[in-house]
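Student: Got a structure for you, input.cif, holding mmCIF, C-alpha atoms.
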```cif
data_work
#
loop_
_atom_site.label_atom_id
_atom_site.label_comp_id
_atom_site.auth_asym_id
_atom_site.auth_seq_id
_atom_site.Cartn_x
_atom_site.Cartn_y
_atom_site.Cartn_z
CA MET A 30 -25.06 -43.93 7.26
CA THR A 31 -22.90 -43.70 4.15
CA THR A 32 -25.02 -40.77 2.98
CA ILE A 33 -24.18 -38.87 6.16
CA LEU A 34 -20.51 -39.73 5.66
CA LYS A 35 -20.61 -38.58 2.05
CA ALA A 36 -22.38 -35.36 3.00
CA PHE A 37 -19.78 -34.76 5.70
CA LEU A 38 -16.96 -35.33 3.22
CA ALA A 39 -18.61 -32.95 0.75
CA ALA A 40 -18.89 -30.29 3.47
CA LEU A 41 -15.24 -30.81 4.41
CA ALA A 42 -14.17 -30.54 0.78
CA GLY A 43 -16.25 -27.37 0.45
CA LEU A 44 -14.61 -25.85 3.53
CA ALA A 45 -11.13 -26.65 2.19
CA LEU A 46 -12.04 -25.22 -1.20
CA GLY A 47 -13.35 -22.01 0.35
CA LEU A 48 -10.25 -21.52 2.50
CA TRP A 49 -7.92 -22.22 -0.42
CA ALA A 50 -9.76 -19.86 -2.78
CA THR A 51 -9.70 -17.09 -0.16
CA ALA A 52 -5.97 -17.45 0.54
CA ALA A 53 -5.15 -17.59 -3.18
CA LEU A 54 -7.25 -14.55 -4.08
CA LEU A 55 -6.03 -12.36 -1.20
CA ALA A 56 -2.33 -13.22 -1.58
CA ASP A 57 -1.89 -10.81 -4.47
CA GLY A 58 -4.09 -8.09 -3.06
CA GLY A 59 -7.40 -9.26 -4.45
CA PRO A 60 -8.61 -9.67 -8.02
CA PHE A 61 -10.43 -6.37 -8.57
CA ASP A 62 -9.40 -2.80 -9.27
CA VAL A 63 -6.07 -3.96 -10.66
CA VAL A 64 -4.75 -2.54 -13.92
CA SER A 65 -2.03 -4.52 -15.72
CA LEU A 66 0.68 -2.66 -17.62
CA GLY A 67 2.81 -5.40 -19.13
CA PRO A 68 4.44 -7.08 -16.13
CA TRP A 69 3.28 -4.34 -13.72
CA ASN A 70 0.15 -4.50 -11.62
CA VAL A 71 -1.36 -1.28 -10.35
CA ALA A 72 -3.96 -1.55 -7.61
CA THR A 73 -5.69 1.63 -8.59
CA ARG A 74 -7.95 1.87 -5.56
CA ALA A 75 -5.68 0.23 -2.96
CA GLY A 76 -5.58 3.20 -0.64
CA ALA A 77 -9.12 4.34 -1.25
CA ILE A 78 -11.95 4.29 1.23
CA ASP A 79 -14.33 2.80 -1.35
CA ALA A 80 -12.07 -0.10 -2.40
CA ASP A 81 -13.75 -3.45 -3.06
CA PRO A 82 -14.03 -6.01 -0.22
CA TYR A 83 -11.15 -8.12 -1.58
CA THR A 84 -8.76 -5.18 -1.77
CA ARG A 85 -9.79 -4.07 1.74
CA ALA A 86 -9.45 -7.56 3.22
CA ALA A 87 -6.00 -8.04 1.66
CA LEU A 88 -4.93 -4.65 3.01
CA GLU A 89 -6.11 -5.35 6.55
CA ARG A 90 -4.53 -8.77 6.64
CA SER A 91 -1.11 -7.52 5.49
CA GLY A 92 -0.91 -4.38 7.66
CA GLU A 93 0.22 -2.34 4.66
CA ILE A 94 -0.25 1.43 4.83
CA PRO A 95 -1.10 2.19 1.22
CA ILE A 96 0.06 5.22 -0.73
CA ALA A 97 -3.04 7.37 -1.18
CA LEU A 98 -4.25 8.47 -4.59
CA GLY A 99 -3.37 12.09 -3.81
CA GLU A 100 0.25 11.17 -3.03
CA GLY A 101 1.26 8.82 -5.79
CA LEU A 102 0.97 5.39 -7.27
CA GLN A 103 2.55 2.02 -6.56
CA MET A 104 3.19 -0.61 -9.23
CA ILE A 105 4.27 -4.18 -8.50
CA ALA A 106 5.87 -6.70 -10.88
CA ARG A 107 6.34 -10.38 -10.05
CA VAL A 108 7.20 -11.42 -13.61
CA ASP A 109 9.37 -10.09 -16.46
CA ASP A 110 8.20 -8.74 -19.81
CA ALA A 111 7.86 -12.30 -21.15
CA GLY A 112 5.67 -13.32 -18.20
CA ARG A 113 8.33 -15.49 -16.51
CA PRO A 114 8.62 -15.27 -12.70
CA LEU A 115 11.54 -13.11 -11.50
CA GLU A 116 14.50 -15.26 -10.43
CA PRO A 117 17.58 -14.21 -8.44
CA ALA A 118 19.85 -16.23 -10.76
CA CYS A 119 19.03 -13.91 -13.67
CA VAL A 120 20.03 -10.37 -14.59
CA TYR A 121 17.12 -8.04 -15.38
CA ARG A 122 17.38 -4.65 -17.04
CA VAL A 123 14.67 -2.22 -15.96
CA GLY A 124 14.14 0.97 -17.96
CA PRO A 125 14.51 3.11 -19.99
CA HIS A 126 11.70 5.40 -18.77
CA VAL A 127 9.01 5.63 -16.10
CA PRO A 128 5.71 7.52 -16.16
CA ALA A 129 5.97 11.20 -15.25
CA ALA A 130 6.36 11.86 -11.51
CA ARG A 131 8.11 14.35 -9.26
CA TYR A 132 10.19 11.48 -7.83
CA TRP A 133 10.13 7.73 -8.17
CA THR A 134 11.84 4.78 -6.52
CA LEU A 135 12.42 1.21 -7.67
CA GLY A 136 12.79 -1.38 -4.92
CA VAL A 137 13.22 -5.12 -4.51
CA VAL A 138 10.98 -6.93 -1.99
CA ASP A 139 10.19 -10.52 -1.10
CA LEU A 140 6.76 -11.86 -1.98
CA LYS A 141 5.34 -10.50 1.28
CA GLY A 142 6.48 -6.96 0.48
CA PHE A 143 9.53 -6.68 2.75
CA PRO A 144 13.06 -5.66 1.69
CA ILE A 145 15.53 -8.53 1.30
CA ASP A 146 18.78 -8.59 3.27
CA ASN A 147 21.86 -8.15 1.07
CA PRO A 148 25.55 -7.34 1.73
CA ALA A 149 25.36 -4.08 -0.23
CA GLU A 150 22.44 -2.97 2.00
CA ARG A 151 20.69 -1.48 -1.00
CA HIS A 152 16.96 -2.04 -1.21
CA VAL A 153 15.88 0.79 -3.46
CA PHE A 154 17.02 3.21 -6.18
CA ARG A 155 15.72 6.77 -6.21
CA SER A 156 15.13 8.76 -9.39
CA SER A 157 17.42 11.39 -7.84
CA GLU A 158 20.45 9.12 -7.39
CA ILE A 159 20.68 6.90 -10.48
CA LEU A 160 23.20 7.22 -13.29
CA ARG A 161 21.50 8.25 -16.54
CA GLN A 162 22.30 8.51 -20.23
CA PRO A 163 22.64 12.04 -21.62
CA ASP A 164 19.11 11.75 -23.06
CA GLY A 165 17.66 11.07 -19.61
CA SER A 166 17.01 7.36 -20.12
CA PHE A 167 18.33 4.88 -17.58
CA ALA A 168 18.92 1.18 -16.93
CA ILE A 169 18.73 -0.39 -13.49
CA TYR A 170 20.19 -3.91 -13.30
CA VAL A 171 18.41 -6.25 -10.89
CA SER A 172 20.42 -9.38 -10.11
CA GLY A 173 21.80 -11.62 -7.40
CA SER A 174 25.46 -10.97 -8.29
CA ALA A 175 27.13 -7.57 -8.61
CA HIS A 176 26.60 -5.67 -11.87
CA ALA A 177 28.14 -2.52 -13.31
CA GLY A 178 26.04 0.64 -13.37
CA ASN A 179 22.86 0.96 -11.31
CA TRP A 180 22.87 -2.39 -9.53
CA LEU A 181 19.88 -3.36 -7.40
CA PRO A 182 20.78 -6.57 -5.50
CA VAL A 183 18.16 -9.22 -4.78
CA GLY A 184 19.93 -10.97 -1.89
CA ARG A 185 19.28 -14.63 -1.29
CA ALA A 186 15.52 -14.75 -1.76
CA ARG A 187 14.23 -17.59 -3.92
CA ARG A 188 11.59 -15.34 -5.44
CA PHE A 189 11.21 -11.58 -5.41
CA ALA A 190 9.09 -8.74 -6.73
CA LEU A 191 9.86 -5.25 -8.01
CA VAL A 192 8.02 -2.24 -6.63
CA LEU A 193 7.91 1.04 -8.54
CA ARG A 194 6.54 3.99 -6.60
CA LEU A 195 5.65 7.24 -8.34
CA TYR A 196 5.37 10.26 -6.07
CA ASP A 197 3.19 13.17 -7.09
CA SER A 198 2.47 11.69 -10.48
CA PRO A 199 -0.20 13.20 -12.70
CA LEU A 200 -1.26 9.59 -13.30
CA SER A 201 -2.48 9.09 -9.75
CA ALA A 202 -5.76 10.84 -10.30
CA THR A 203 -6.54 8.97 -13.49
CA ALA A 204 -4.97 5.60 -12.82
CA GLY A 205 -7.30 3.99 -15.32
CA GLY A 206 -5.72 5.97 -18.13
CA ILE A 207 -2.15 4.77 -17.81
CA GLU A 208 -0.59 3.68 -21.06
CA LYS A 209 1.40 0.50 -21.24
CA ALA A 210 4.20 2.22 -23.14
CA ALA A 211 4.85 4.50 -20.18
CA ALA A 212 5.73 1.65 -17.79
CA PRO A 213 9.38 0.57 -17.67
CA GLN A 214 10.38 -2.68 -19.34
CA ILE A 215 11.74 -5.63 -17.35
CA VAL A 216 14.04 -7.46 -19.74
CA ARG A 217 15.75 -10.71 -18.76
CA GLU A 218 19.32 -10.40 -20.04
CA SER A 219 21.02 -13.59 -18.89
CA CYS A 220 20.73 -16.33 -16.31
CA ALA A 221 23.47 -18.01 -14.32
CA MET B 30 -28.88 -46.91 -15.29
CA ILE B 31 -27.20 -47.55 -11.96
CA TRP B 32 -24.10 -45.72 -13.18
CA GLY B 33 -26.21 -42.80 -14.29
CA SER B 34 -27.82 -42.37 -10.91
CA ARG B 35 -24.47 -42.79 -9.16
CA LEU B 36 -23.01 -40.11 -11.37
CA ALA B 37 -25.93 -37.84 -10.58
CA ALA B 38 -25.46 -38.44 -6.86
CA ALA B 39 -21.72 -37.73 -7.12
CA ALA B 40 -22.41 -34.54 -9.07
CA LEU B 41 -24.82 -33.47 -6.34
CA TYR B 42 -22.10 -33.83 -3.73
CA VAL B 43 -19.61 -31.91 -5.88
CA ILE B 44 -22.15 -29.10 -6.37
CA ALA B 45 -22.82 -29.07 -2.63
CA ALA B 46 -19.06 -28.87 -1.93
CA VAL B 47 -18.63 -25.97 -4.36
CA ILE B 48 -21.57 -24.08 -2.82
CA ILE B 49 -20.19 -24.59 0.68
CA GLY B 50 -16.77 -23.50 -0.59
CA ALA B 51 -18.21 -20.31 -2.06
CA LEU B 52 -20.11 -19.54 1.15
CA VAL B 53 -16.98 -20.06 3.26
CA HIS B 54 -14.99 -17.85 0.88
CA PHE B 55 -17.42 -14.92 0.92
CA ALA B 56 -17.91 -15.24 4.67
CA ILE B 57 -14.16 -14.94 5.26
CA VAL B 58 -13.62 -12.04 2.85
CA LEU B 59 -16.46 -10.07 4.42
CA THR B 60 -15.53 -10.81 8.05
CA ILE B 61 -11.77 -10.16 7.80
CA PRO B 62 -12.35 -6.39 8.25
CA LEU B 63 -14.30 -7.12 11.45
CA VAL B 64 -11.82 -9.50 13.04
CA ALA B 65 -8.39 -8.51 11.64
CA ALA B 66 -6.38 -7.96 14.83
CA ARG B 67 -3.11 -7.22 13.06
CA ASP B 68 -4.20 -4.50 10.68
CA ALA B 69 -2.15 -1.32 10.20
CA TYR B 70 -3.92 0.55 13.03
CA ALA B 71 -3.30 -2.27 15.51
CA ARG B 72 0.37 -2.43 14.51
CA LEU B 73 0.69 1.35 14.99
CA ALA B 74 -1.08 1.12 18.35
CA GLU B 75 1.68 -1.19 19.59
CA LEU B 76 4.23 1.59 19.02
CA GLY B 77 2.75 4.23 21.31
CA PRO B 78 -0.28 6.16 22.62
CA VAL B 79 -2.91 8.20 20.78
CA LEU B 80 -2.11 11.82 19.75
CA THR B 81 1.62 11.22 19.97
CA THR B 82 3.88 11.65 16.96
CA LEU B 83 5.99 8.53 16.56
CA PRO B 84 8.46 7.53 13.85
CA LEU B 85 7.42 4.77 11.51
CA PRO B 86 10.07 2.02 11.57
CA ARG B 87 12.32 2.27 8.51
CA ALA B 88 11.65 -0.29 5.82
CA ASP B 89 14.69 -2.57 5.84
CA ALA B 90 15.37 -6.27 6.05
CA SER B 91 14.82 -6.31 9.83
CA GLY B 92 11.47 -4.51 10.01
CA LYS B 93 8.56 -6.84 9.33
CA ALA B 94 5.57 -4.77 10.35
CA PHE B 95 4.51 -2.65 7.38
CA PRO B 96 4.93 -4.34 3.99
CA TYR B 97 5.54 -2.36 0.80
CA SER B 98 6.96 0.60 2.73
CA ASP B 99 9.48 2.62 0.75
CA PRO B 100 13.02 2.55 2.23
CA ALA B 101 13.64 5.95 0.61
CA VAL B 102 10.74 7.56 2.49
CA ALA B 103 10.81 8.48 6.16
CA GLY B 104 7.49 8.30 7.96
CA ALA B 105 5.95 9.50 11.21
CA PHE B 106 2.39 9.02 12.36
CA CYS B 107 -0.05 9.92 15.06
CA ARG B 108 -3.23 8.10 15.90
CA PHE B 109 -6.29 10.25 16.50
CA ASP B 110 -9.55 9.88 18.38
CA LEU B 111 -12.30 12.41 17.62
CA THR B 112 -14.55 11.49 20.56
CA LYS B 113 -13.69 14.68 22.47
CA GLY B 114 -13.50 16.99 19.47
CA PRO B 115 -11.61 17.89 16.29
CA ILE B 116 -7.86 17.34 15.97
CA ARG B 117 -5.52 19.83 14.29
CA VAL B 118 -2.67 18.33 12.28
CA ARG B 119 0.34 20.37 11.21
CA ALA B 120 3.52 19.38 9.40
CA PRO B 121 6.27 21.80 8.33
CA ILE B 122 7.71 21.81 4.82
CA GLY B 123 11.46 21.29 4.90
CA ARG B 124 14.16 20.84 2.32
CA ALA B 125 12.91 17.45 1.15
CA GLY B 126 11.82 17.36 -2.48
CA PHE B 127 8.55 15.67 -1.63
CA SER B 128 6.47 15.35 1.49
CA SER B 129 2.84 14.47 2.05
CA LEU B 130 0.17 13.87 4.66
CA SER B 131 -2.32 11.03 4.36
CA PHE B 132 -5.37 10.53 6.56
CA HIS B 133 -6.42 6.97 7.26
CA SER B 134 -9.58 5.51 8.76
CA ARG B 135 -9.52 2.94 11.55
CA ARG B 136 -9.49 0.32 8.79
CA GLY B 137 -6.32 1.68 7.16
CA ALA B 138 -7.82 3.06 3.93
CA ALA B 139 -6.86 6.64 3.11
CA PHE B 140 -9.80 9.04 3.13
CA TYR B 141 -7.72 12.08 2.24
CA ALA B 142 -4.18 13.00 1.29
CA PHE B 143 -2.27 16.00 0.04
CA THR B 144 1.31 16.86 -0.80
CA ASP B 145 3.58 19.79 0.03
CA ARG B 146 2.25 21.47 -3.14
CA ALA B 147 -0.86 22.28 -1.11
CA ALA B 148 1.11 23.83 1.76
CA THR B 149 0.51 27.40 2.87
CA HIS B 150 3.02 29.53 4.83
CA GLY B 151 5.43 26.59 5.00
CA PHE B 152 3.00 24.19 6.62
CA MET B 153 0.67 21.40 5.60
CA GLU B 154 -2.23 21.87 7.96
CA ALA B 155 -5.69 20.41 8.38
CA VAL B 156 -8.40 19.84 11.00
CA ILE B 157 -9.83 16.34 11.26
CA VAL B 158 -13.50 16.24 12.24
CA THR B 159 -16.39 13.82 12.35
CA PRO B 160 -19.25 14.59 9.93
CA LYS B 161 -21.30 15.79 12.94
CA GLN B 162 -18.53 18.11 14.18
CA LEU B 163 -18.18 19.46 10.64
CA ARG B 164 -21.89 20.38 10.54
CA ALA B 165 -21.57 22.11 13.92
CA LEU B 166 -18.51 24.09 12.80
CA VAL B 167 -20.22 25.20 9.59
CA ALA B 168 -23.39 26.19 11.49
CA GLN B 169 -21.58 28.43 13.98
CA GLU B 170 -19.23 29.98 11.44
CA ASP B 171 -19.02 33.73 11.03
CA GLU B 172 -20.16 34.29 7.44
CA ASP B 173 -18.20 37.54 7.02
CA ASN B 174 -15.03 36.02 8.36
CA PRO B 175 -14.97 32.37 7.30
CA SER B 176 -12.33 30.02 8.62
CA GLU B 177 -9.40 29.26 6.35
CA ASP B 178 -8.93 25.82 7.88
CA LEU B 179 -8.93 22.77 5.67
CA ARG B 180 -11.50 20.56 7.39
CA ILE B 181 -11.44 16.85 6.65
CA ALA B 182 -14.32 14.62 7.72
CA SER B 183 -13.17 11.22 8.91
CA PRO B 184 -15.48 8.25 8.25
CA THR B 185 -14.39 6.67 11.55
CA VAL B 186 -13.92 8.24 15.00
CA GLU B 187 -10.48 6.68 15.32
CA GLY B 188 -7.76 6.64 12.68
CA PHE B 189 -4.26 7.85 11.97
CA VAL B 190 -2.34 10.49 10.08
CA LEU B 191 0.88 9.59 8.29
CA SER B 192 3.55 12.09 7.32
CA ARG B 193 5.80 10.91 4.48
CA VAL B 194 9.07 12.66 3.62
CA PHE B 195 11.16 11.63 0.63
CA SER B 196 14.97 11.48 0.91
CA GLU B 197 16.62 12.32 -2.43
CA LEU B 198 19.85 10.58 -1.42
CA PRO B 199 20.60 7.84 1.14
CA GLY B 200 22.57 10.37 3.23
CA LEU B 201 19.53 12.63 3.48
CA TYR B 202 17.39 9.99 5.19
CA PRO B 203 18.12 11.23 8.76
CA ALA B 204 17.09 14.75 7.73
CA ALA B 205 13.90 13.37 6.18
CA GLU B 206 13.23 11.48 9.43
CA ASP B 207 13.58 14.70 11.43
CA GLN B 208 11.20 16.52 9.11
CA ALA B 209 8.65 13.69 9.31
CA LYS B 210 8.81 13.70 13.13
CA ALA B 211 7.94 17.41 13.19
CA LEU B 212 4.31 16.38 12.58
CA SER B 213 2.07 17.67 15.35
CA CYS B 214 -1.43 16.48 16.26
CA ALA B 215 -3.34 18.35 18.95
CA PRO B 216 -6.95 18.68 20.10
CA GLU B 217 -8.62 21.80 18.78
CA PRO B 218 -9.71 24.13 21.63
CA PRO B 219 -13.53 24.24 21.94
CA ALA B 220 -15.21 27.11 20.12
CA LYS B 221 -16.23 30.11 22.23
#
```
Hey, can you dump this file as structure tokens for me?
Tutor:
Amino acid sequence: MTTILKAFLAALAGLALGLWATAALLADGGPFDVVSLGPWNVATRAGAIDADPYTRAALERSGEIPIALGEGLQMIARVDDAGRPLEPACVYRVGPHVPAARYWTLGVVDLKGFPIDNPAERHVFRSSEILRQPDGSFAIYVSGSAHAGNWLPVGRARRFALVLRLYDSPLSATAGGIEKAAAPQIVRESCA
Amino acid sequence: MIWGSRLAAAALYVIAAVIIGALVHFAIVLTIPLVAARDAYARLAELGPVLTTLPLPRADASGKAFPYSDPAVAGAFCRFDLTKGPIRVRAPIGRAGFSSLSFHSRRGAAFYAFTDRAATHGFMEAVIVTPKQLRALVAQEDEDNPSEDLRIASPTVEGFVLSRVFSELPGLYPAAEDQAKALSCAPEPPAK
């Protein structure tokens, strides 16, 4: 009798373990085909027809329409350069360069990938609208409270992620060959 | 001795639980593509009928359908069904600095994409076919006067085409929306 009970408990524990592992692995888009560039993650095959089962399952569960390899590349950061999770109470400086692309945008999203409501109604900065230094470098400030210069507000979310999208980038075709130095830095400047 | 055998029995249950957990995990990852009712195609299907060009909802704090969409990019899509024959897709090039077409299978993955750099005579144009229709078209082609169509074989009979148009400035978003909506998807007339 106790053996049956123990076996049942083991099966139940196994079921819970399986469900937990699946949810944990799919939450970030699956563990494979992801290249890390400092704080940035690039799912190099996200939009591809031959993506691995984890990437495909994560895609179908979220409803995301991925940017295809022929169009561009999407990079996501959930931590800063030092590996600390991004917090709305802090000011982050993103820059000074991005990999070559015809256009790029930097946006703030919640952990599910949706823009976060904020009074300034700004969710994204385009490469074609930011203020730059004479040498072409730039700094975008990501923070909860207003900041001088290119300010990207994070609203009231407890946690957030940064999304960098490169359109028509020569990198797209050879995503495996991206150099870490080319990705913008995410430097935590101060925290309230 | 008794402790040893108890430990062995406990370890057996733990191993059993881990094996069950692994089985559950792989079963879920592999079946999600078969049962996902809220994938991108299903979400698009809620917006309108097949072969109709419809605007993709803008990515802002209110829209919760398509995660990781770029608020700087206007989108329009049409769903296709190749059961009755090939579908011709055509999108004009406008003033936007970047526009692209991506072709997605029923499962959401992109099987082809190109940007406005590949446009001819001011249009991005392609014919979507099944592999069987492609073979038929090639077989009946006039060798002295080959077709100039870009033919794209879809891995699934159903799918969707997405037109993306970049807005360089926030004020240009409505114009980008109009350009995206100019996407047309129409059945190809049967060959004579």
Student: With only C-alpha atoms as the basis for distance, which of A:Ile169, A:Ala97, A:Ala190, A:Leu140 is at the shortest distance from Ser129 in chain B?
Tutor: A:Ala97
Student: List the residues selected by the PyMOL selection byres ((chain A) within 6 of (chain B)) in the file shown, writing them as an MDAnalysis selection string.
Tutor: chainID A and resid 39:40 42:44 46:47 51 76:78 86 89:90 92:93 97 99 142:146 157
Student: With a distance cut-off of 9 Å and all atoms listed in the file, select the neighbouring residues of Ser156 in chain A, excluding the residue or stretch itself and same-chain residues fewer than 4 positions from it, and output the selection as an mmCIF file with C-alpha atoms, keeping the file's coordinate frame.
Tutor:
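Listed below is the output, out_13.cif:
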```cif
data_model
loop_
_atom_site.group_PDB
_atom_site.id
_atom_site.type_symbol
_atom_site.label_atom_id
_atom_site.label_comp_id
_atom_site.auth_asym_id
_atom_site.auth_seq_id
_atom_site.Cartn_x
_atom_site.Cartn_y
_atom_site.Cartn_z
ATOM 1 C CA ARG A 131 8.110 14.350 -9.260
ATOM 2 C CA TYR A 132 10.190 11.480 -7.830
ATOM 3 C CA TRP A 133 10.130 7.730 -8.170
ATOM 4 C CA THR A 134 11.840 4.780 -6.520
ATOM 5 C CA LEU A 135 12.420 1.210 -7.670
ATOM 6 C CA GLU B 197 16.620 12.320 -2.430
#
```
Student: Quote the spacing between CA of Asp164 in chain A and CA of Val120 in chain A in Å to one decimal place.
Tutor: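 Pair CA of Asp164 in chain A / CA of Val120 in chain A returns 23.7 Å.
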Student: So which one's closest to Val127 in chain A, A:Ala52, A:Val153, A:Ala211, A:Ala80? Using only C-alpha atoms, please.
Tutor: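 Smallest distance to Val127 in chain A is found for A:Ala211.
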Student: The PyMOL selection byres ((chain B and resi 188) around 6) - which residues does that actually catch in the file I just gave you? List them as a ChimeraX atom specification.
Tutor: /B:108-109,133-135,187,189
Student: Write the residues you've just listed into a file as a compact mmCIF listing (two decimals), in the frame of the given file, and include C-alpha atoms for each of them.
Tutor:
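Generated output (again.txt):
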```txt
# COMPACT_ATOMS: atom_id res chain seq x y z
CA ARG B 108 -3.23 8.10 15.90
CA PHE B 109 -6.29 10.25 16.50
CA HIS B 133 -6.42 6.97 7.26
CA SER B 134 -9.58 5.51 8.76
CA ARG B 135 -9.52 2.94 11.55
CA GLU B 187 -10.48 6.68 15.32
CA PHE B 189 -4.26 7.85 11.97
```
Student: Please tell me which residues are no farther than 9 Å from (5.5, 10.2, -17.6) in the file, counting all atoms listed in the file, and write them as a list in words.
Tutor: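 The answer, in the requested form, is His126, Val127, Pro128, Ala129, Ala130, Ser198, Pro199, Leu200, Ala211 and Ala212 of chain A.
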Student: Find the spatial neighbours of Ile116 in chain B, counting only C-alpha atoms, within a cut-off of 9 Å - ignore same-chain residues fewer than 6 positions away - and output them as number ranges by chain.
Tutor: B: 80, 109-110, 155-158, 214-217
Student: As an exercise, work out the distance from CA of Pro115 in chain B to CA of Leu163 in chain B in Å and give it to one decimal place.
Tutor: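 Going from CA of Pro115 in chain B over to CA of Leu163 in chain B covers 8.8 Å.
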Student: Would you work out the distance separating CA of Arg122 in chain A from CA of Val63 in chain A, expressed in Å to one decimal?
Tutor: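 Distance between the two atoms: 24.3 Å.
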Student: Expand the PyMOL selection byres ((chain A and resi 147) around 9) into the individual residues it matches in the shown file, reporting them as a list of chain:residue names.
Tutor: A:Ile145, A:Asp146, A:Pro148, A:Ala149, A:Glu150, A:Arg151, A:His152, A:Pro182, A:Val183, A:Gly184, A:Arg185, B:Ala90
Student: Got time to write the residues from that selection, C-alpha atoms, as a CSV table (one decimal), keeping the file's coordinate frame?
Tutor:
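And here's result.csv as it stands now:
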```
chain,number,residue,atom,x,y,z
A,145,ILE,CA,15.5,-8.5,1.3
A,146,ASP,CA,18.8,-8.6,3.3
A,148,PRO,CA,25.6,-7.3,1.7
A,149,ALA,CA,25.4,-4.1,-0.2
A,150,GLU,CA,22.4,-3.0,2.0
A,151,ARG,CA,20.7,-1.5,-1.0
A,152,HIS,CA,17.0,-2.0,-1.2
A,182,PRO,CA,20.8,-6.6,-5.5
A,183,VAL,CA,18.2,-9.2,-4.8
A,184,GLY,CA,19.9,-11.0,-1.9
A,185,ARG,CA,19.3,-14.6,-1.3
B,90,ALA,CA,15.4,-6.3,6.0
```
Student: Within 7 Å of Leu66 in chain A, counting all atoms listed in the file, which residues qualify if same-chain residues fewer than 2 places away don't, as a list in words?
Tutor: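 Contacts, in chain order: Val64, Pro68, Trp69, Asn70, Lys209 and Ala212 of chain A.
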Student: How big is the axis-aligned box, and where does its centre sit, when it encloses all atoms of range 154-173 of chain B listed in the file and has 6 Å added on every side, reported in Å to one decimal as AutoDock Vina command-line options?
Tutor:
```
--center_x -12.8 --center_y 25.7 --center_z 10.6 --size_x 33.2 --size_y 35.7 --size_z 19.2
```
Student: Point out the residue among A:Val137, A:Val123, A:Tyr196, A:Arg187 with the least atom-to-atom distance to Ser166 in chain A, counting all atoms listed in the file.
Tutor: A:Val123
Student: In terms of the shortest atom-to-atom distance over all atoms listed in the file, which of B:Asn174, B:Ser192, B:Thr185, B:Gln208 is closest to Cys107 in chain B?
Tutor: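 Closest residue, counting all atoms listed in the file: B:Ser192.
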